[in-house]
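Coordinates from run_37.pdb are shown below (PDB, C-alpha atoms).
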ATOM      1  CA  MET A  11     125.251  93.755  59.176
ATOM      2  CA  THR A  12     126.888  95.413  62.172
ATOM      3  CA  PRO A  13     126.251  94.226  65.733
ATOM      4  CA  GLU A  14     124.745  97.674  66.471
ATOM      5  CA  ILE A  15     122.166  97.406  63.673
ATOM      6  CA  LEU A  16     121.351  93.808  64.636
ATOM      7  CA  ALA A  17     120.860  94.776  68.288
ATOM      8  CA  ALA A  18     118.643  97.743  67.390
ATOM      9  CA  LEU A  19     116.571  95.537  65.090
ATOM     10  CA  GLU A  20     116.194  92.826  67.735
ATOM     11  CA  GLN A  21     115.179  95.456  70.279
ATOM     12  CA  ALA A  22     112.487  96.890  67.976
ATOM     13  CA  LYS A  23     111.125  93.384  67.476
ATOM     14  CA  GLN A  24     111.174  92.773  71.219
ATOM     15  CA  GLU A  25     109.249  96.003  71.832
ATOM     16  CA  LYS A  26     106.845  95.102  68.998
ATOM     17  CA  ARG A  27     107.733  98.364  67.252
ATOM     18  CA  PRO A  28     107.370  98.440  63.447
ATOM     19  CA  VAL A  29     110.702  99.203  61.807
ATOM     20  CA  VAL A  30     112.366  99.075  58.396
ATOM     21  CA  LEU A  31     115.922  97.914  57.807
ATOM     22  CA  ALA A  32     117.181  99.881  54.799
ATOM     23  CA  THR A  33     120.142  98.457  52.879
ATOM     24  CA  ARG A  34     121.901 100.470  50.194
ATOM     25  CA  LEU A  35     122.552  98.196  47.218
ATOM     26  CA  PRO A  36     125.001  96.843  46.353
ATOM     27  CA  SER A  37     127.333  98.364  48.976
ATOM     28  CA  GLY A  38     125.374  97.018  51.936
ATOM     29  CA  GLU A  39     125.403 100.131  54.121
ATOM     30  CA  GLN A  40     122.436  99.971  56.496
ATOM     31  CA  ARG A  41     120.173 102.102  58.678
ATOM     32  CA  LEU A  42     116.897 101.713  60.537
ATOM     33  CA  LEU A  43     113.853 103.717  59.460
ATOM     34  CA  PRO A  44     111.827 105.777  60.048
ATOM     35  CA  GLY A  45     114.440 107.935  61.761
ATOM     36  CA  PRO A  46     114.756 111.627  62.580
ATOM     37  CA  ASN A  47     117.975 112.015  60.598
ATOM     38  CA  ALA A  48     116.888 110.091  57.504
ATOM     39  CA  PRO A  49     115.916 111.909  54.291
ATOM     40  CA  ALA A  50     112.169 112.553  54.033
ATOM     41  CA  ASP A  51     111.731 110.474  50.865
ATOM     42  CA  LEU A  52     113.432 107.486  52.485
ATOM     43  CA  ASN A  53     111.251 107.772  55.592
ATOM     44  CA  ALA A  54     108.133 108.040  53.420
ATOM     45  CA  ALA A  55     109.115 104.931  51.456
ATOM     46  CA  ALA A  56     109.744 103.082  54.738
ATOM     47  CA  ASN A  57     106.319 104.014  56.070
ATOM     48  CA  ARG A  58     104.719 102.782  52.840
ATOM     49  CA  ALA A  59     106.531  99.460  53.183
ATOM     50  CA  LEU A  60     105.252  99.078  56.752
ATOM     51  CA  ASP A  61     101.683 100.021  55.776
ATOM     52  CA  ARG A  62     101.645  97.448  53.003
ATOM     53  CA  ASP A  63     103.628  94.971  55.082
ATOM     54  CA  GLU A  64     105.751  94.450  52.002
ATOM     55  CA  SER A  65     109.519  94.483  51.586
ATOM     56  CA  GLY A  66     111.128  95.544  48.314
ATOM     57  CA  THR A  67     113.726  97.596  46.456
ATOM     58  CA  VAL A  68     113.081 101.287  45.747
ATOM     59  CA  LYS A  69     115.131 103.716  43.676
ATOM     60  CA  LEU A  70     115.551 107.146  45.276
ATOM     61  CA  GLY A  71     117.645 109.472  43.149
ATOM     62  CA  ASP A  72     120.556 107.349  41.921
ATOM     63  CA  THR A  73     120.453 104.956  44.845
ATOM     64  CA  ASP A  74     118.809 101.549  45.168
ATOM     65  CA  TRP A  75     117.561 100.832  48.683
ATOM     66  CA  PHE A  76     116.229  97.488  49.830
ATOM     67  CA  LEU A  77     113.571  98.208  52.439
ATOM     68  CA  HIS A  78     112.903  95.246  54.706
ATOM     69  CA  ALA A  79     109.660  95.774  56.625
ATOM     70  CA  TYR A  80     109.620  94.281  60.118
ATOM     71  CA  ASN A  81     106.074  94.604  61.482
ATOM     72  CA  PRO A  82     105.139  93.200  64.881
ATOM     73  CA  PRO A  83     103.664  89.705  64.639
ATOM     74  CA  LEU A  84     100.086  89.137  63.617
ATOM     75  CA  ARG A  85      97.927  88.227  66.583
ATOM     76  CA  LEU A  86      95.437  85.406  67.004
ATOM     77  CA  ILE A  87      92.980  85.259  69.877
ATOM     78  CA  VAL A  88      91.452  81.835  70.385
ATOM     79  CA  VAL A  89      88.401  81.865  72.631
ATOM     80  CA  GLY A  90      87.862  78.405  74.080
ATOM     81  CA  ALA A  91      90.746  76.253  75.292
ATOM     82  CA  VAL A  92      89.209  73.196  73.646
ATOM     83  CA  HIS A  93      90.688  70.276  71.716
ATOM     84  CA  ILE A  94      90.564  72.166  68.404
ATOM     85  CA  ALA A  95      92.418  75.073  70.044
ATOM     86  CA  GLN A  96      95.170  72.668  71.092
ATOM     87  CA  ALA A  97      95.521  71.667  67.441
ATOM     88  CA  LEU A  98      95.218  75.242  66.139
ATOM     89  CA  VAL A  99      97.989  76.856  68.205
ATOM     90  CA  PRO A 100     100.844  74.778  66.702
ATOM     91  CA  PHE A 101      99.642  75.670  63.177
ATOM     92  CA  ALA A 102      99.292  79.390  63.946
ATOM     93  CA  VAL A 103     102.672  80.017  65.560
ATOM     94  CA  PRO A 104     104.865  79.107  62.562
ATOM     95  CA  CYS A 105     102.483  81.092  60.317
ATOM     96  CA  GLY A 106     103.672  84.165  62.210
ATOM     97  CA  PHE A 107     100.916  84.609  64.783
ATOM     98  CA  SER A 108     101.411  85.575  68.368
ATOM     99  CA  VAL A 109      98.646  83.509  69.996
ATOM    100  CA  THR A 110      96.567  84.100  73.133
ATOM    101  CA  VAL A 111      94.099  81.464  74.338
ATOM    102  CA  VAL A 112      91.174  82.846  76.333
ATOM    103  CA  ASP A 113      89.051  80.645  78.591
ATOM    104  CA  PRO A 114      87.839  81.372  82.128
ATOM    105  CA  ARG A 115      87.522  77.627  82.738
ATOM    106  CA  ARG A 116      90.909  76.937  84.291
ATOM    107  CA  SER A 117      90.741  73.179  83.800
ATOM    108  CA  PHE A 118      90.561  73.798  80.051
ATOM    109  CA  ALA A 119      93.033  76.673  79.829
ATOM    110  CA  SER A 120      95.929  75.069  81.660
ATOM    111  CA  ASP A 121      99.661  75.269  80.968
ATOM    112  CA  ASP A 122      99.581  71.517  80.685
ATOM    113  CA  ARG A 123      97.221  71.579  77.745
ATOM    114  CA  PHE A 124      98.826  74.693  76.187
ATOM    115  CA  PRO A 125     102.575  74.623  76.799
ATOM    116  CA  ASP A 126     104.452  77.811  75.833
ATOM    117  CA  THR A 127     101.189  79.621  75.062
ATOM    118  CA  VAL A 128      99.863  82.865  76.526
ATOM    119  CA  ILE A 129      96.651  82.062  78.409
ATOM    120  CA  SER A 130      94.008  84.426  79.749
ATOM    121  CA  ASN A 131      91.502  83.154  82.324
ATOM    122  CA  GLU A 132      89.385  86.284  82.094
ATOM    123  CA  TRP A 133      85.925  86.445  80.583
ATOM    124  CA  PRO A 134      86.251  86.857  76.835
ATOM    125  CA  ASP A 135      84.818  90.395  76.704
ATOM    126  CA  GLU A 136      87.208  91.609  79.401
ATOM    127  CA  ALA A 137      90.125  89.786  77.812
ATOM    128  CA  LEU A 138      89.349  91.308  74.418
ATOM    129  CA  ASP A 139      88.970  94.800  75.857
ATOM    130  CA  LYS A 140      92.484  94.510  77.274
ATOM    131  CA  PHE A 141      93.827  92.942  74.136
ATOM    132  CA  ALA A 142      92.517  95.770  71.882
ATOM    133  CA  PRO A 143      92.312  93.815  68.615
ATOM    134  CA  ASP A 144      93.548  95.760  65.571
ATOM    135  CA  SER A 145      93.640  95.198  61.819
ATOM    136  CA  ARG A 146      96.484  92.686  62.268
ATOM    137  CA  THR A 147      94.421  90.539  64.660
ATOM    138  CA  ALA A 148      92.367  87.395  63.982
ATOM    139  CA  ILE A 149      89.757  86.166  66.466
ATOM    140  CA  VAL A 150      88.296  82.669  66.582
ATOM    141  CA  THR A 151      85.616  81.440  68.996
ATOM    142  CA  LEU A 152      85.557  77.708  69.657
ATOM    143  CA  THR A 153      83.660  77.164  72.923
ATOM    144  CA  HIS A 154      80.229  76.320  71.461
ATOM    145  CA  ASP A 155      78.897  78.049  74.582
ATOM    146  CA  PRO A 156      76.967  81.300  73.950
ATOM    147  CA  LYS A 157      77.943  82.551  77.432
ATOM    148  CA  LEU A 158      81.569  82.636  76.283
ATOM    149  CA  ASP A 159      81.380  82.969  72.501
ATOM    150  CA  ASP A 160      78.795  85.779  72.301
ATOM    151  CA  PRO A 161      80.640  88.370  74.424
ATOM    152  CA  ALA A 162      83.806  87.618  72.450
ATOM    153  CA  LEU A 163      82.043  88.035  69.107
ATOM    154  CA  ASP A 164      80.386  91.236  70.318
ATOM    155  CA  ARG A 165      83.793  92.738  71.086
ATOM    156  CA  ALA A 166      85.310  91.314  67.918
ATOM    157  CA  LEU A 167      82.627  93.008  65.806
ATOM    158  CA  LYS A 168      83.403  96.330  67.486
ATOM    159  CA  SER A 169      87.087  95.967  66.534
ATOM    160  CA  GLN A 170      89.041  96.194  63.279
ATOM    161  CA  ALA A 171      90.032  92.493  63.468
ATOM    162  CA  PHE A 172      90.780  91.293  59.935
ATOM    163  CA  TYR A 173      89.313  87.855  60.619
ATOM    164  CA  ILE A 174      86.464  86.737  62.863
ATOM    165  CA  GLY A 175      85.540  83.059  62.867
ATOM    166  CA  ALA A 176      83.015  81.153  64.971
ATOM    167  CA  LEU A 177      82.813  77.391  65.327
ATOM    168  CA  GLY A 178      79.369  75.861  65.035
ATOM    169  CA  SER A 179      77.018  74.218  62.575
ATOM    170  CA  ARG A 180      74.896  76.284  60.215
ATOM    171  CA  ARG A 181      71.981  76.016  62.617
ATOM    172  CA  THR A 182      74.098  77.071  65.611
ATOM    173  CA  HIS A 183      75.451  79.932  63.558
ATOM    174  CA  ALA A 184      71.976  81.156  62.589
ATOM    175  CA  ALA A 185      70.904  81.170  66.254
ATOM    176  CA  ARG A 186      74.099  82.987  67.171
ATOM    177  CA  LEU A 187      73.518  85.663  64.555
ATOM    178  CA  SER A 188      70.010  86.352  65.830
ATOM    179  CA  ARG A 189      71.347  86.731  69.398
ATOM    180  CA  LEU A 190      74.017  89.171  68.176
ATOM    181  CA  ARG A 191      71.331  91.056  66.227
ATOM    182  CA  GLU A 192      69.543  91.556  69.542
ATOM    183  CA  LEU A 193      72.747  93.116  70.892
ATOM    184  CA  GLY A 194      72.373  95.712  68.148
ATOM    185  CA  HIS A 195      74.702  94.398  65.452
ATOM    186  CA  GLN A 196      73.579  95.040  61.872
ATOM    187  CA  ASP A 197      73.541  92.295  59.250
ATOM    188  CA  SER A 198      76.329  94.042  57.341
ATOM    189  CA  ALA A 199      78.548  93.772  60.431
ATOM    190  CA  LEU A 200      77.473  90.201  61.166
ATOM    191  CA  ALA A 201      78.602  89.227  57.666
ATOM    192  CA  ARG A 202      82.182  89.673  58.947
ATOM    193  CA  ILE A 203      81.804  86.517  61.050
ATOM    194  CA  ARG A 204      82.960  83.441  59.192
ATOM    195  CA  GLY A 205      80.674  80.623  60.172
ATOM    196  CA  PRO A 206      80.803  77.705  59.883
ATOM    197  CA  VAL A 207      84.440  78.508  60.540
ATOM    198  CA  GLY A 208      87.239  77.400  58.223
ATOM    199  CA  LEU A 209      87.662  76.447  54.600
ATOM    200  CA  ASN A 210      85.409  73.645  53.490
ATOM    201  CA  ILE A 211      87.807  70.709  53.280
ATOM    202  CA  GLU A 212      85.351  68.222  54.812
ATOM    203  CA  ALA A 213      87.415  68.328  57.999
ATOM    204  CA  VAL A 214      86.438  65.796  60.666
ATOM    205  CA  THR A 215      89.138  65.495  63.326
ATOM    206  CA  ALA A 216      90.358  68.330  65.561
ATOM    207  CA  PRO A 217      93.640  68.759  63.655
ATOM    208  CA  GLU A 218      91.757  68.783  60.336
ATOM    209  CA  ILE A 219      89.347  71.442  61.603
ATOM    210  CA  ALA A 220      92.295  73.462  62.952
ATOM    211  CA  LEU A 221      93.951  73.178  59.529
ATOM    212  CA  SER A 222      90.810  74.461  57.805
ATOM    213  CA  ILE A 223      90.676  77.411  60.221
ATOM    214  CA  ILE A 224      94.316  78.470  59.831
ATOM    215  CA  ALA A 225      93.990  78.032  56.054
ATOM    216  CA  GLU A 226      91.001  80.383  56.026
ATOM    217  CA  ILE A 227      92.823  82.937  58.193
ATOM    218  CA  VAL A 228      95.800  82.886  55.817
ATOM    219  CA  ALA A 229      93.496  83.126  52.778
ATOM    220  CA  VAL A 230      91.776  86.222  54.217
ATOM    221  CA  ARG A 231      95.073  87.817  55.188
ATOM    222  CA  ARG A 232      96.454  87.249  51.687
ATOM    223  CA  ASN A 233      93.266  88.437  49.958
ATOM    224  CA  ALA A 234      92.584  85.096  48.294
ATOM    225  CA  SER A 235      89.245  84.850  46.530
ATOM    226  CA  LEU A 236      87.068  82.474  48.527
ATOM    227  CA  PRO A 237      83.723  80.935  47.656
ATOM    228  CA  ALA A 238      80.761  82.370  49.571
ATOM    229  CA  LYS A 239      79.669  80.486  52.688
ATOM    230  CA  PRO A 240      76.260  78.858  52.608
ATOM    231  CA  THR A 241      73.760  81.293  54.110
ATOM    232  CA  PRO A 242      72.688  80.206  57.569
TER     233      PRO A 242
ATOM    234  CA  MET B  21     115.673  73.888  63.429
ATOM    235  CA  SER B  22     112.843  76.338  63.965
ATOM    236  CA  MET B  23     110.112  76.349  61.342
ATOM    237  CA  SER B  24     109.383  80.006  61.917
ATOM    238  CA  GLU B  25     110.225  82.700  59.398
ATOM    239  CA  ASP B  26     112.376  84.522  61.930
ATOM    240  CA  VAL B  27     115.626  83.603  60.235
ATOM    241  CA  LEU B  28     117.411  86.676  61.547
ATOM    242  CA  SER B  29     116.915  85.606  65.167
ATOM    243  CA  THR B  30     118.228  82.159  64.324
ATOM    244  CA  ALA B  31     121.245  83.764  62.634
ATOM    245  CA  ALA B  32     121.823  86.061  65.609
ATOM    246  CA  ALA B  33     121.685  83.098  67.998
ATOM    247  CA  TRP B  34     124.226  81.210  65.883
ATOM    248  CA  ARG B  35     126.469  84.272  65.797
ATOM    249  CA  ALA B  36     126.202  84.651  69.575
ATOM    250  CA  ALA B  37     127.228  81.002  69.911
ATOM    251  CA  GLY B  38     130.448  81.797  68.066
ATOM    252  CA  GLU B  39     129.551  80.707  64.523
ATOM    253  CA  GLN B  40     130.514  82.719  61.446
ATOM    254  CA  VAL B  41     127.241  83.607  59.750
ATOM    255  CA  ALA B  42     126.032  85.137  56.493
ATOM    256  CA  ILE B  43     122.470  86.181  55.706
ATOM    257  CA  ALA B  44     120.943  86.080  52.233
ATOM    258  CA  THR B  45     117.838  88.180  51.562
ATOM    259  CA  VAL B  46     115.599  88.291  48.487
ATOM    260  CA  THR B  47     115.585  91.982  47.489
ATOM    261  CA  GLU B  48     113.650  91.905  44.225
ATOM    262  CA  THR B  49     111.580  89.432  42.249
ATOM    263  CA  TRP B  50     110.097  89.297  38.746
ATOM    264  CA  GLY B  51     107.598  86.808  37.385
ATOM    265  CA  SER B  52     106.631  83.689  39.228
ATOM    266  CA  SER B  53     109.388  83.476  41.807
ATOM    267  CA  PRO B  54     108.339  81.350  44.755
ATOM    268  CA  ARG B  55     109.480  83.524  47.684
ATOM    269  CA  PRO B  56     108.684  87.220  48.116
ATOM    270  CA  ALA B  57     111.205  90.015  48.742
ATOM    271  CA  GLY B  58     112.342  89.875  52.351
ATOM    272  CA  SER B  59     112.616  86.069  52.445
ATOM    273  CA  GLN B  60     115.840  85.086  54.143
ATOM    274  CA  MET B  61     118.303  82.271  54.511
ATOM    275  CA  ALA B  62     121.087  82.083  57.075
ATOM    276  CA  VAL B  63     124.250  80.061  56.428
ATOM    277  CA  THR B  64     127.146  79.299  58.745
ATOM    278  CA  LYS B  65     130.747  78.527  57.916
ATOM    279  CA  SER B  66     130.183  75.146  59.553
ATOM    280  CA  GLY B  67     127.384  74.381  57.093
ATOM    281  CA  ARG B  68     124.207  75.034  59.044
ATOM    282  CA  MET B  69     121.299  76.522  57.103
ATOM    283  CA  ALA B  70     117.942  78.041  58.043
ATOM    284  CA  GLY B  71     115.169  79.559  55.960
ATOM    285  CA  SER B  72     115.010  79.795  52.168
ATOM    286  CA  VAL B  73     115.219  82.275  49.303
ATOM    287  CA  SER B  74     113.494  80.159  46.626
ATOM    288  CA  GLY B  75     111.634  76.927  46.227
ATOM    289  CA  GLY B  76     114.952  75.156  46.576
ATOM    290  CA  CYS B  77     116.439  75.845  43.139
ATOM    291  CA  ILE B  78     119.090  78.420  44.080
ATOM    292  CA  GLU B  79     119.826  77.664  47.733
ATOM    293  CA  GLY B  80     122.965  75.708  46.843
ATOM    294  CA  ALA B  81     124.428  78.565  44.806
ATOM    295  CA  VAL B  82     123.464  81.093  47.475
ATOM    296  CA  ALA B  83     125.151  78.981  50.157
ATOM    297  CA  ASP B  84     128.349  78.906  48.036
ATOM    298  CA  ALA B  85     128.212  82.699  47.711
ATOM    299  CA  ALA B  86     127.579  83.014  51.446
ATOM    300  CA  MET B  87     130.797  81.097  52.181
ATOM    301  CA  LYS B  88     132.734  83.600  50.052
ATOM    302  CA  THR B  89     131.125  86.525  51.875
ATOM    303  CA  ILE B  90     131.923  84.950  55.247
ATOM    304  CA  ASP B  91     135.591  84.679  54.202
ATOM    305  CA  SER B  92     135.928  88.088  52.540
ATOM    306  CA  GLY B  93     133.458  90.126  54.577
ATOM    307  CA  THR B  94     132.311  91.713  51.308
ATOM    308  CA  PRO B  95     128.576  91.702  50.576
ATOM    309  CA  GLN B  96     127.294  90.460  47.191
ATOM    310  CA  LEU B  97     124.197  91.178  45.156
ATOM    311  CA  LEU B  98     123.349  88.018  43.219
ATOM    312  CA  ASP B  99     121.141  87.903  40.171
ATOM    313  CA  PHE B 100     119.300  84.698  39.314
ATOM    314  CA  GLY B 101     117.079  84.253  36.313
ATOM    315  CA  VAL B 102     116.669  83.045  32.784
ATOM    316  CA  SER B 103     118.936  85.723  31.332
ATOM    317  CA  HIS B 104     121.742  84.921  33.715
ATOM    318  CA  GLU B 105     124.635  82.947  32.295
ATOM    319  CA  ARG B 106     124.417  80.504  35.194
ATOM    320  CA  ALA B 107     120.745  79.949  34.444
ATOM    321  CA  TRP B 108     121.505  76.573  32.947
ATOM    322  CA  GLU B 109     123.119  75.516  36.195
ATOM    323  CA  VAL B 110     120.952  77.063  38.843
ATOM    324  CA  GLY B 111     118.190  78.966  37.028
ATOM    325  CA  LEU B 112     114.677  79.071  38.379
ATOM    326  CA  ALA B 113     112.560  76.293  36.967
ATOM    327  CA  CYS B 114     109.509  78.540  37.293
ATOM    328  CA  GLY B 115     110.972  81.089  34.840
ATOM    329  CA  GLY B 116     111.054  83.845  37.447
ATOM    330  CA  LYS B 117     113.960  86.075  38.379
ATOM    331  CA  VAL B 118     115.257  87.062  41.792
ATOM    332  CA  LYS B 119     117.976  89.237  43.247
ATOM    333  CA  VAL B 120     119.550  88.080  46.481
ATOM    334  CA  PHE B 121     121.720  90.215  48.761
ATOM    335  CA  VAL B 122     124.308  88.308  50.783
ATOM    336  CA  GLU B 123     125.951  89.919  53.805
ATOM    337  CA  LYS B 124     128.069  88.788  56.712
ATOM    338  CA  LEU B 125     126.830  89.146  60.277
ATOM    339  CA  SER B 126     129.861  90.934  61.692
TER     340      SER B 126
END
Could I get this structure in the form of structure tokens?
Amino acid sequence: MTPEILAALEQAKQEKRPVVLATRLPSGEQRLLPGPNAPADLNAAANRALDRDESGTVKLGDTDWFLHAYNPPLRLIVVGAVHIAQALVPFAVPCGFSVTVVDPRRSFASDDRFPDTVISNEWPDEALDKFAPDSRTAIVTLTHDPKLDDPALDRALKSQAFYIGALGSRRTHAARLSRLRELGHQDSALARIRGPVGLNIEAVTAPEIALSIIAEIVAVRRNASLPAKPTP
Amino acid sequence: MSMSEDVLSTAAAWRAAGEQVAIATVTETWGSSPRPAGSQMAVTKSGRMAGSVSGGCIEGAVADAAMKTIDSGTPQLLDFGVSHERAWEVGLACGGKVKVFVEKLS
């Protein structure tokens, strides 16, 4: 790999721009895609790889190309800078998530409690409006406080977020759903919220609950088949 | 060592620090291979390693190949699997097959 290709690749990653590194096999000649001077079939194959978020080898004519898809990181928005959030962030980062913790309560959302983490002290609805969650975004609410959780869930439901999870017991969750219904959300939309949040691993401590949450996020992202949640 | 999957950044940092570095990338898989295409491992001449290209069964052989590529500058496309003659040495216990491309970070 030439220094020029490496620098261009690092720059695309820095700018959070999706890009494909194409390597001709076995000679190793490389180029970045999609590009204005690349053949149309190669550009099309690169765009497919990015859409599927899947790297692989394709044969175009007589040539084997390895297409390495570099998509910007997945995003995780954690609403509530609580103890479970402190345990969740260190699981999420190595799983490839760029994490933002949202909590207007500054004593909770402090750099002390969340070193090296992006923190927003805005109200969750405002924070989420700015954040513009997309289909590569997961959103988890952990505050237990309807004042903070509900506006976040409202915005989450209006987005394409691939995962929406809300901490709370079955009873809390049922009450939450009826409040969100009053905001005009249909049952079919409310079914997107995973509550009680996380895989059922009988988690008790904050790190165990965080583990169950990140495991569920990964399972949803990877299209694992999951048992239905108990109806609230 | 970072636990993240961003092996390329690790490799680039090593290169910038003056190390000689090769990168190995899984380009194709068949059957039950443990790491998907795009998985990477970085190796330095001084013996540092980051990332992985399998569940641990072929990393040793890939590191050997990486040393050759660091010395020669020539990339290699390695084939690992049950039909490979080295399968008895470093084949995949899972019965899968992988191709691994090894290149030098020049």
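When all atoms listed in the file are used to measure the gap to chain B, the shortest distance among A:Asp197, A:Asp139, A:Asp160, A:Glu14 belongs to A:Glu14.
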Suppose a student applies the PyMOL selection byres ((chain A) within 8 of (chain B)) to this structure; what residues should they get, written as a VMD selection string? chain A and resid 11 to 13 16 20 35 to 38 64 to 67 76 78 to 79 103 to 106
Translate the PyMOL selection byres ((chain B and resi 117) around 7) into a concrete residue list for this structure, as an NGL selection string. :B and (49-51 or 53 or 100-102 or 115-116 or 118)
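Taking CA of Ala137 (chain A) and CA of Leu86 (chain A) as the two end points, the separation is 12.8 Å.
If you apply the PyMOL selection byres ((chain A and resi 94) around 9) to this structure, you end up with Gly90, Ala91, Val92, His93, Ala95, Gln96, Ala97, Leu98, Val99, Leu152, Thr215, Ala216, Pro217, Glu218, Ile219 and Ala220 of chain A.
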With C-alpha atoms retained, could you export that selection as a PDB file, in the coordinates of the input?
ATOM      1  CA  GLY A  90      87.862  78.405  74.080  1.00  0.00           C
ATOM      2  CA  ALA A  91      90.746  76.253  75.292  1.00  0.00           C
ATOM      3  CA  VAL A  92      89.209  73.196  73.646  1.00  0.00           C
ATOM      4  CA  HIS A  93      90.688  70.276  71.716  1.00  0.00           C
ATOM      5  CA  ALA A  95      92.418  75.073  70.044  1.00  0.00           C
ATOM      6  CA  GLN A  96      95.170  72.668  71.092  1.00  0.00           C
ATOM      7  CA  ALA A  97      95.521  71.667  67.441  1.00  0.00           C
ATOM      8  CA  LEU A  98      95.218  75.242  66.139  1.00  0.00           C
ATOM      9  CA  VAL A  99      97.989  76.856  68.205  1.00  0.00           C
ATOM     10  CA  LEU A 152      85.557  77.708  69.657  1.00  0.00           C
ATOM     11  CA  THR A 215      89.138  65.495  63.326  1.00  0.00           C
ATOM     12  CA  ALA A 216      90.358  68.330  65.561  1.00  0.00           C
ATOM     13  CA  PRO A 217      93.640  68.759  63.655  1.00  0.00           C
ATOM     14  CA  GLU A 218      91.757  68.783  60.336  1.00  0.00           C
ATOM     15  CA  ILE A 219      89.347  71.442  61.603  1.00  0.00           C
ATOM     16  CA  ALA A 220      92.295  73.462  62.952  1.00  0.00           C
TER      17      ALA A 220
END
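Considering the residues A:Ala18, A:Ala184, A:Leu43, A:Leu193 and counting all atoms listed in the file, Pro240 (chain A) has its shortest atom-to-atom contact with A:Ala184.
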Contacts of region 23-31 of chain A at 10 Å (only C-alpha atoms; same-chain gap of 4+ positions) as a ChimeraX atom specification: /A:15-19,40-45,53,55-57,59-61,63,65,75-83 /B:29
I need the chosen residues saved as a compact mmCIF listing (two decimals), keeping the file's coordinate frame, with C-alpha atoms.
# COMPACT_ATOMS: atom_id res chain seq x y z
CA ILE A 15 122.17 97.41 63.67
CA LEU A 16 121.35 93.81 64.64
CA ALA A 17 120.86 94.78 68.29
CA ALA A 18 118.64 97.74 67.39
CA LEU A 19 116.57 95.54 65.09
CA GLN A 40 122.44 99.97 56.50
CA ARG A 41 120.17 102.10 58.68
CA LEU A 42 116.90 101.71 60.54
CA LEU A 43 113.85 103.72 59.46
CA PRO A 44 111.83 105.78 60.05
CA GLY A 45 114.44 107.94 61.76
CA ASN A 53 111.25 107.77 55.59
CA ALA A 55 109.12 104.93 51.46
CA ALA A 56 109.74 103.08 54.74
CA ASN A 57 106.32 104.01 56.07
CA ALA A 59 106.53 99.46 53.18
CA LEU A 60 105.25 99.08 56.75
CA ASP A 61 101.68 100.02 55.78
CA ASP A 63 103.63 94.97 55.08
CA SER A 65 109.52 94.48 51.59
CA TRP A 75 117.56 100.83 48.68
CA PHE A 76 116.23 97.49 49.83
CA LEU A 77 113.57 98.21 52.44
CA HIS A 78 112.90 95.25 54.71
CA ALA A 79 109.66 95.77 56.62
CA TYR A 80 109.62 94.28 60.12
CA ASN A 81 106.07 94.60 61.48
CA PRO A 82 105.14 93.20 64.88
CA PRO A 83 103.66 89.70 64.64
CA SER B 29 116.92 85.61 65.17
What is the distance between CA of Ser179 (chain A) and CA of Val207 (chain A), in Å to one decimal? 8.8 Å
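Comparing B:Cys77, B:Val63, B:Met69, B:Val82 by their smallest distance to Val41 (chain B), the closest is B:Val63 (using only C-alpha atoms).
In this model, the gap between CA of Gly205 (chain A) and CA of Val88 (chain A) comes to 14.9 Å.
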Region 144-149 of chain A surroundings by all atoms listed in the file, 6 Å radius, close-in-sequence under 5 positions cut, as a PDB file with C-alpha atoms, in the frame of the given file:
ATOM      1  CA  LEU A  84     100.086  89.137  63.617  1.00  0.00           C
ATOM      2  CA  ARG A  85      97.927  88.227  66.583  1.00  0.00           C
ATOM      3  CA  LEU A  86      95.437  85.406  67.004  1.00  0.00           C
ATOM      4  CA  ILE A  87      92.980  85.259  69.877  1.00  0.00           C
ATOM      5  CA  GLN A 170      89.041  96.194  63.279  1.00  0.00           C
ATOM      6  CA  ALA A 171      90.032  92.493  63.468  1.00  0.00           C
ATOM      7  CA  PHE A 172      90.780  91.293  59.935  1.00  0.00           C
ATOM      8  CA  TYR A 173      89.313  87.855  60.619  1.00  0.00           C
ATOM      9  CA  ILE A 174      86.464  86.737  62.863  1.00  0.00           C
TER      10      ILE A 174
END
